[in-house]
file start38.txt (compact mmCIF, C-alpha atoms)
# COMPACT_ATOMS: atom_id res chain seq x y z
CA MET W 1 0.00 0.00 0.00
CA PHE W 2 2.79 2.44 0.86
CA LYS W 3 5.31 1.48 -1.81
CA ARG W 4 3.41 2.31 -4.93
CA TYR W 5 2.77 6.00 -4.39
CA ALA W 6 5.62 6.86 -2.04
CA LYS W 7 5.58 10.56 -2.92
CA LEU W 8 1.93 10.89 -1.87
CA TRP W 9 2.63 9.27 1.49
CA TRP W 10 5.61 11.56 2.10
CA ALA W 11 3.41 14.56 1.30
CA LEU W 12 0.79 13.30 3.76
CA GLY W 13 3.50 12.94 6.43
CA ALA W 14 4.57 16.54 5.82
CA PHE W 15 0.96 17.70 6.25
CA ILE W 16 0.74 15.88 9.59
CA ILE W 17 3.93 17.49 10.88
CA LEU W 18 2.89 20.95 9.69
CA CYS W 19 -0.71 20.77 10.94
CA PRO W 20 -0.09 22.83 14.14
CA LEU W 21 0.01 25.81 11.75
CA GLY W 22 -3.78 25.44 11.87
CA LEU W 23 -3.67 26.38 15.57
CA ILE W 24 -2.55 29.92 14.69
CA ALA W 25 -6.15 30.71 13.79
CA THR W 26 -7.66 30.90 17.26
CA GLY W 27 -11.11 32.18 16.25
CA THR W 28 -14.11 29.84 16.27
CA ALA W 29 -15.58 29.15 12.83
CA PHE W 30 -18.96 30.73 12.03
CA GLY W 31 -21.79 28.64 13.48
CA GLU W 32 -19.49 26.44 15.58
CA TRP W 33 -19.54 28.52 18.78
CA GLY W 34 -19.64 26.82 22.19
CA LEU W 35 -22.43 27.58 24.66
CA ASP W 36 -20.25 30.03 26.61
CA GLU W 37 -19.33 31.86 23.41
CA LEU W 38 -23.00 32.19 22.45
CA ALA W 39 -23.90 33.59 25.88
CA LYS W 40 -21.08 36.15 25.71
CA SER W 41 -21.57 37.06 22.06
CA GLU W 42 -22.76 40.61 21.29
CA GLU W 43 -24.71 39.38 18.28
CA VAL W 44 -26.52 36.53 20.11
CA GLY W 45 -26.15 36.99 23.88
CA PHE W 46 -28.20 33.96 24.96
CA ILE W 47 -28.25 30.18 24.58
CA PRO W 48 -31.16 28.95 22.44
CA GLN W 49 -33.21 26.33 24.34
CA GLY W 50 -33.15 23.64 21.69
CA LEU W 51 -29.47 24.18 21.02
CA ALA W 52 -28.67 23.73 24.72
CA LYS W 53 -30.61 20.47 24.71
CA PHE W 54 -28.63 18.83 21.90
CA ALA W 55 -25.22 20.55 22.13
CA ASP W 56 -23.72 17.81 24.31
CA PHE W 57 -25.44 14.96 22.53
CA TRP W 58 -22.12 13.15 21.99
CA GLN W 59 -19.77 12.93 24.98
CA HIS W 60 -17.51 10.09 23.91
CA ALA W 61 -14.97 11.94 21.79
CA ALA W 62 -11.59 10.56 22.87
CA MET W 63 -9.63 13.60 21.68
CA PRO W 64 -12.06 16.56 21.79
CA ASP W 65 -11.06 19.50 19.60
CA TYR W 66 -7.98 17.60 18.39
CA SER W 67 -6.32 17.65 21.79
CA ILE W 68 -4.99 15.20 24.33
CA PRO W 69 -7.31 15.70 27.34
CA GLY W 70 -5.50 17.68 30.05
CA MET W 71 -2.79 18.82 27.64
CA THR W 72 -3.94 22.21 26.44
CA ALA W 73 -2.14 24.64 28.75
CA THR W 74 0.58 25.81 26.36
CA PHE W 75 0.97 26.13 22.60
CA THR W 76 3.53 23.32 22.64
CA GLN W 77 1.12 20.99 24.44
CA SER W 78 -1.66 21.92 22.02
CA ALA W 79 0.67 21.37 19.06
CA ILE W 80 1.61 17.91 20.35
CA GLY W 81 -2.06 17.07 20.85
CA TYR W 82 -2.83 18.37 17.36
CA ILE W 83 -0.15 16.22 15.71
CA ALA W 84 -1.20 13.19 17.78
CA SER W 85 -4.80 13.80 16.66
CA ALA W 86 -3.72 13.96 13.02
CA ILE W 87 -1.84 10.66 13.42
CA VAL W 88 -4.81 8.95 15.09
CA GLY W 89 -7.28 10.40 12.60
CA VAL W 90 -5.18 9.46 9.58
CA ALA W 91 -4.64 5.94 10.93
CA LEU W 92 -8.41 5.47 11.38
CA VAL W 93 -9.12 6.82 7.89
CA LEU W 94 -6.54 4.46 6.37
CA ILE W 95 -7.95 1.43 8.21
CA ILE W 96 -11.53 2.17 7.15
CA ILE W 97 -10.68 2.93 3.50
CA SER W 98 -8.50 -0.21 3.33
CA LEU W 99 -11.42 -2.32 4.58
CA LEU W 100 -13.79 -0.53 2.23
CA GLY W 101 -11.29 -1.04 -0.61
CA LYS W 102 -11.72 -4.81 -0.35
CA ILE W 103 -15.05 -4.49 -2.15
CA VAL W 104 -13.37 -3.11 -5.27
CA LYS W 105 -13.69 -5.67 -8.07
CA ASP W 106 -11.24 -4.15 -10.57
CA MET V 107 -18.22 24.31 8.12
CA HIS V 108 -18.66 21.38 10.55
CA ILE V 109 -22.15 21.97 11.95
CA PRO V 110 -22.15 21.02 15.67
CA ASP V 111 -25.06 19.29 17.39
CA GLY V 112 -27.76 21.69 18.55
CA TYR V 113 -27.51 24.14 15.65
CA LEU V 114 -29.96 22.15 13.53
CA ALA V 115 -33.39 21.01 14.71
CA PRO V 116 -33.75 17.21 14.78
CA GLN V 117 -36.47 17.78 12.13
CA THR V 118 -33.69 19.04 9.85
CA ALA V 119 -30.73 16.89 10.95
CA ILE V 120 -32.48 13.50 10.87
CA PRO V 121 -33.96 13.78 7.34
CA LEU V 122 -30.52 14.81 6.05
CA LEU V 123 -29.06 11.71 7.70
CA ALA V 124 -31.84 9.67 6.09
CA ILE V 125 -30.94 11.14 2.68
CA MET V 126 -27.27 10.25 3.14
CA VAL V 127 -27.84 6.55 3.87
CA PRO V 128 -28.97 5.66 0.31
CA VAL V 129 -26.40 8.10 -1.13
CA TRP V 130 -23.64 6.20 0.66
CA GLY V 131 -25.19 2.97 -0.61
CA VAL V 132 -25.02 4.17 -4.22
CA ALA V 133 -21.49 5.49 -3.66
CA VAL V 134 -20.31 2.09 -2.40
CA LYS V 135 -21.83 0.43 -5.45
CA LYS V 136 -20.31 2.93 -7.90
CA VAL V 137 -16.90 2.64 -6.27
CA GLN V 138 -17.13 -1.15 -6.30
CA GLN V 139 -17.82 -1.12 -10.03
CA THR V 140 -15.57 1.65 -11.28
CA LEU V 141 -12.56 2.06 -8.97
CA LYS V 142 -9.43 0.11 -9.87
CA LYS V 143 -7.60 -1.89 -7.17
CA LYS V 144 -4.48 0.19 -7.67
CA GLN V 145 -6.55 3.32 -6.94
CA VAL V 146 -7.54 2.17 -3.44
CA PRO V 147 -4.29 3.49 -1.89
CA VAL V 148 -4.95 6.81 -3.65
CA LEU V 149 -8.42 6.98 -2.11
CA ALA V 150 -6.89 6.14 1.29
CA VAL V 151 -4.20 8.80 1.06
CA GLY V 152 -6.75 11.23 -0.43
CA ALA V 153 -9.23 10.78 2.42
CA ALA V 154 -6.38 11.12 4.93
CA PHE V 155 -5.27 14.27 3.12
CA SER V 156 -8.82 15.64 3.35
CA PHE V 157 -8.83 14.85 7.09
CA THR V 158 -5.60 16.80 7.68
CA ILE V 159 -6.31 19.75 5.34
CA MET V 160 -9.45 20.45 7.40
CA MET V 161 -7.20 20.88 10.46
CA PHE V 162 -5.40 23.81 8.79
CA ASN V 163 -7.63 26.58 10.13
CA LEU V 164 -7.24 29.88 8.33
CA PRO V 165 -7.57 32.99 10.50
CA ILE V 166 -10.36 35.32 9.36
CA PRO V 167 -10.31 39.00 10.40
CA GLY V 168 -12.94 39.63 13.07
CA GLY V 169 -12.08 36.53 15.11
CA SER V 170 -13.43 33.74 12.93
CA SER V 171 -11.76 30.89 11.03
CA ALA V 172 -12.36 28.63 8.05
CA HIS V 173 -10.57 25.83 6.20
CA ALA V 174 -10.21 24.01 2.89
CA VAL V 175 -11.70 20.50 2.46
CA GLY V 176 -9.94 18.77 -0.44
CA ALA V 177 -13.15 17.17 -1.75
CA VAL V 178 -12.78 18.54 -5.31
CA LEU V 179 -9.22 17.24 -5.64
CA LEU V 180 -10.43 13.76 -4.66
CA ALA V 181 -13.30 14.04 -7.14
CA ILE V 182 -10.96 15.01 -9.99
CA LEU V 183 -8.56 12.15 -9.22
CA LEU V 184 -11.04 9.37 -8.37
CA GLY V 185 -14.51 10.51 -9.42
CA PRO V 186 -17.20 12.19 -7.29
CA TRP V 187 -18.61 8.99 -5.75
CA ALA V 188 -15.22 7.90 -4.41
CA ALA V 189 -14.70 11.47 -3.16
CA CYS V 190 -18.05 11.24 -1.36
CA LEU V 191 -16.95 8.09 0.48
CA GLY V 192 -13.47 9.45 1.26
CA VAL V 193 -14.65 12.79 2.63
CA SER V 194 -17.57 11.19 4.52
CA THR V 195 -15.12 8.80 6.21
CA ALA V 196 -12.96 11.73 7.32
CA LEU V 197 -16.01 13.69 8.56
CA ILE V 198 -17.48 10.78 10.54
CA ILE V 199 -14.15 10.16 12.30
CA GLN V 200 -13.83 13.89 13.02
CA ALA V 201 -17.28 13.88 14.64
CA LEU V 202 -16.90 10.66 16.65
CA VAL V 203 -13.32 10.97 17.90
CA PHE V 204 -12.57 14.71 17.81
CA SER V 205 -16.05 16.28 18.37
CA ASP V 206 -15.55 18.37 15.23
CA GLY V 207 -19.08 18.50 13.82
CA GLY V 208 -22.08 16.94 15.51
CA ILE V 209 -23.24 13.32 15.50
CA LEU V 210 -26.84 14.20 14.69
CA ALA V 211 -25.38 16.61 12.11
CA ILE V 212 -23.28 13.95 10.34
CA GLY V 213 -25.83 13.74 7.54
CA ALA V 214 -25.83 17.51 7.06
CA ASN V 215 -22.04 17.79 7.07
CA CYS V 216 -21.55 14.84 4.72
CA PHE V 217 -24.21 16.30 2.41
CA ASN V 218 -22.46 19.68 2.22
CA MET V 219 -18.81 18.63 2.05
CA GLY V 220 -19.19 15.06 0.75
CA VAL V 221 -21.91 15.48 -1.90
CA ILE V 222 -22.50 19.12 -2.92
CA MET V 223 -18.81 19.99 -3.01
CA PRO V 224 -17.27 17.05 -4.93
CA PHE V 225 -20.10 16.75 -7.45
CA ILE V 226 -20.31 20.46 -8.31
CA GLY V 227 -16.52 20.73 -8.38
CA TYR V 228 -16.15 17.63 -10.54
CA TYR V 229 -18.54 18.77 -13.26
CA ILE V 230 -17.19 22.32 -13.30
CA TYR V 231 -13.71 20.85 -13.77
CA LYS V 232 -14.91 18.64 -16.64
CA VAL V 233 -16.68 21.48 -18.43
CA ILE V 234 -13.84 24.00 -18.15
CA LYS V 235 -11.03 21.53 -18.88
CA GLY V 236 -12.73 20.17 -22.00
CA PRO V 237 -10.42 17.93 -24.04
CA ALA V 238 -7.24 19.46 -22.55
CA GLY V 239 -4.88 17.36 -20.41
CA ALA V 240 -5.20 17.32 -16.61
CA VAL V 241 -1.81 18.98 -16.02
CA SER V 242 -2.09 21.36 -18.98
CA GLY V 243 -2.53 25.06 -18.25
CA ARG V 244 -6.23 24.75 -18.90
CA GLY V 245 -6.54 21.68 -16.68
CA ILE V 246 -4.85 23.47 -13.78
CA VAL V 247 -7.01 26.59 -14.16
CA ALA V 248 -10.09 24.34 -14.32
CA ALA V 249 -9.00 22.64 -11.07
CA PHE V 250 -8.55 26.00 -9.33
CA ILE V 251 -11.99 27.26 -10.38
CA ALA V 252 -13.62 23.91 -9.53
CA GLY V 253 -12.12 23.95 -6.02
CA TYR V 254 -13.13 27.57 -5.49
CA VAL V 255 -16.71 27.12 -6.68
CA GLY V 256 -17.16 23.69 -5.04
CA LEU V 257 -16.19 24.96 -1.59
CA ASN V 258 -18.41 28.01 -1.96
CA PHE V 259 -21.45 25.90 -2.84
CA ALA V 260 -20.75 23.79 0.26
CA ALA V 261 -20.56 27.00 2.31
CA LEU V 262 -23.82 28.27 0.78
CA SER V 263 -25.58 25.00 1.53
CA THR V 264 -24.31 25.12 5.13
CA ALA V 265 -25.47 28.73 5.49
CA LEU V 266 -28.94 27.85 4.17
CA MET V 267 -29.19 25.02 6.70
CA PHE V 268 -28.14 27.39 9.50
CA GLY V 269 -30.36 30.31 8.52
CA SER V 270 -33.46 28.23 7.82
CA GLN V 271 -33.43 27.10 11.47
CA TYR V 272 -33.84 30.70 12.64
CA GLU V 273 -36.73 31.21 10.25
CA TRP V 274 -38.46 27.89 11.03
CA PHE V 275 -38.00 27.09 14.73
CA LYS V 276 -38.90 29.56 17.51
CA ALA V 277 -39.65 29.01 21.21
CA ALA V 278 -43.01 30.10 22.69
CA ASN V 279 -41.42 33.42 23.72
CA GLY V 280 -40.24 34.08 20.16
CA THR V 281 -36.54 33.39 20.64
CA PRO V 282 -34.84 31.05 18.13
CA LEU V 283 -34.60 27.44 19.29
CA TYR V 284 -31.51 26.36 17.34
CA PHE V 285 -29.23 28.40 15.06
CA PRO V 286 -29.80 31.89 16.49
CA LEU V 287 -29.15 34.28 13.58
CA PRO V 288 -31.29 35.21 10.54
CA LEU V 289 -30.78 33.57 7.13
CA LYS V 290 -29.25 36.67 5.53
CA VAL V 291 -26.70 36.98 8.35
CA ALA V 292 -25.71 33.33 7.97
CA VAL V 293 -25.41 33.58 4.18
CA GLY V 294 -23.56 36.90 4.33
CA ALA V 295 -20.99 35.75 6.88
CA MET V 296 -20.39 32.28 5.43
CA MET V 297 -20.09 33.55 1.86
CA ALA V 298 -17.79 36.46 2.72
CA GLU V 299 -15.38 34.09 4.49
CA HIS V 300 -15.37 31.48 1.75
CA LEU V 301 -15.57 33.72 -1.32
CA ILE V 302 -12.66 35.88 -0.16
CA LEU V 303 -10.37 33.56 1.79
CA ALA V 304 -11.13 29.85 2.07
CA GLY V 305 -12.29 29.54 -1.57
CA PRO V 306 -9.03 30.78 -3.12
CA VAL V 307 -7.12 28.51 -0.72
CA GLU V 308 -9.26 25.54 -1.80
CA GLY V 309 -8.58 26.49 -5.43
CA ILE V 310 -4.83 26.56 -4.84
CA VAL V 311 -4.92 23.25 -2.92
CA THR V 312 -6.89 21.64 -5.77
CA ALA V 313 -4.64 23.01 -8.54
CA LEU V 314 -1.35 22.28 -6.75
CA GLY V 315 -2.56 18.85 -5.63
CA LEU V 316 -3.54 17.89 -9.17
CA THR V 317 -0.21 19.18 -10.52
CA PHE V 318 1.74 17.23 -7.87
CA VAL V 319 -0.13 13.98 -8.47
CA GLY V 320 -0.15 14.40 -12.26
CA ARG V 321 3.60 15.12 -12.48
CA SER V 322 4.54 12.36 -10.00
CA TYR V 323 2.18 9.69 -11.30
CA PRO V 324 0.84 10.59 -14.77
CA GLU V 325 -1.08 7.29 -14.95
CA LEU V 326 -3.36 8.45 -12.12
CA VAL V 327 -4.70 11.43 -14.03
CA GLU V 328 -4.94 9.55 -17.34
CA ASP V 329 -6.81 6.61 -15.82
CA GLU V 330 -9.38 9.05 -14.58
CA LEU V 331 -10.61 9.41 -18.18
CA THR V 332 -11.21 5.67 -18.52
CA ILE V 333 -13.08 5.57 -15.24
CA ASN V 334 -15.28 8.37 -16.42
CA SER V 335 -16.23 6.62 -19.65
CA ASN V 336 -16.86 3.40 -17.70
CA GLN V 337 -19.41 5.30 -15.66
CA GLY V 338 -21.22 6.12 -18.88
CA GLY V 339 -20.10 9.73 -18.52
CA SER V 340 -19.93 12.28 -21.26
CA CYS V 341 -16.18 12.32 -21.74
CA HIS V 342 -15.31 11.62 -25.39
CA VAL V 343 -11.60 12.08 -25.79

call {"tool": "encode", "arguments": {"input": "start38.txt", "output": "structure tokens"}}
result
Amino acid sequence: MFKRYAKLWWALGAFIILCPLGLIATGTAFGEWGLDELAKSEEVGFIPQGLAKFADFWQHAAMPDYSIPGMTATFTQSAIGYIASAIVGVALVLIIISLLGKIVKD
Amino acid sequence: MHIPDGYLAPQTAIPLLAIMVPVWGVAVKKVQQTLKKKQVPVLAVGAAFSFTIMMFNLPIPGGSSAHAVGAVLLAILLGPWAACLGVSTALIIQALVFSDGGILAIGANCFNMGVIMPFIGYYIYKVIKGPAGAVSGRGIVAAFIAGYVGLNFAALSTALMFGSQYEWFKAANGTPLYFPLPLKVAVGAMMAEHLILAGPVEGIVTALGLTFVGRSYPELVEDELTINSNQGGSCHV
């Protein structure tokens, strides 16, 4: 799997190492605000009832917000958590696509 | 663009999930019939690339952020159905393991970034490129425009989902129940961010990615033509 398109895998590796660059943007994306951000926001200023009900629907994320739980105090810690998240995420993607790929008839 | 849980009413999120189930079914069938075995590693690396590119948040003046998706590059290299499966895989893992995007909202997010984006981008690329080669000047320009337009349609679809909630679902006291801002605010903000910043970045990612793959492995961009004709597509080269 890795031999055939070596250059693509190297490029992917570079992306993983460089991904903490994405932490430079600290702002929350539009429409992805947390409950506290909504309450404090000048534009909104309250937490919609229905939103509050479903916001924490899923509480089993192992690495919430691409971090290692408890390791978010400094930029270095966040960067390590971010790279670790990319490695875990990429590994899961590769496993699932490899399994899915078995259906291909050719 | 990853809609969290709570921003869409269940009446919106669940039907979108119900739409995605048969779409995934068709995608699996199409991929089974048209993808070549040697392309499976490309789909794997492509989906992994999509996962990581979404982690590169771009700062947006005013305290917001946005990111590219990579869905159009996957669609150009492997066809839109394979792109749908690759991007959906990345999005589902992001929701389950990293709480990026909601679980109830998985259907909505896969619809926007895994269906709207790769399909619109793919056909725009085909039309603009015409009979030219993938790594020709025209092919590269077509890839840039396809990435730009594809991401912006995904952003528009997301904004319409957001804004419609404000218009449709209010509590007894008149306050919005889910997404709390009017449709025109959602569309204005989402489109400004993606038309001006994230769209051009998606275009560059798509064009550079296609150039890199095409120069390194020319057979991958040539094969794409055969796949297309196998699908009964309109490509007569």

call {"tool": "closest_residue", "arguments": {"input": "start38.txt", "among": "V:Ala295, V:Leu123, V:Ala278, V:Val247", "to": "V:Ile198", "atoms": "all atoms listed in the file"}}
result
V:Leu123

call {"tool": "interface_residues", "arguments": {"input": "start38.txt", "of": "chain W", "to": "chain V", "cutoff": "8 Å", "atoms": "all atoms listed in the file", "output": "PyMOL selection string"}}
result
chain W and resi 1-2+5+7-9+12+15-16+19-32+44+48-58+60-67+85-86+89-90+92-94+96-98+101+103-106

call {"tool": "atom_distance", "arguments": {"input": "start38.txt", "atom1": "atom CA of V:Cys190", "atom2": "atom CA of W:Ala79"}}
result
29.5 Å

call {"tool": "atom_distance", "arguments": {"input": "start38.txt", "atom1": "atom CA of W:Thr72", "atom2": "atom CA of W:Gly45"}}
result
26.8 Å

call {"tool": "atom_distance", "arguments": {"input": "start38.txt", "atom1": "atom CA of V:Met219", "atom2": "atom CA of V:Leu180"}}
result
11.8 Å

call {"tool": "closest_residue", "arguments": {"input": "start38.txt", "among": "V:Met126, V:Ala249, V:Cys216, V:Val255", "to": "V:Ile182", "atoms": "all atoms listed in the file"}}
result
V:Ala249

call {"tool": "closest_residue", "arguments": {"input": "start38.txt", "among": "V:Ala188, V:Val291, V:Ile302, V:Ile234", "to": "V:Ala252", "atoms": "only C-alpha atoms"}}
result
V:Ile234
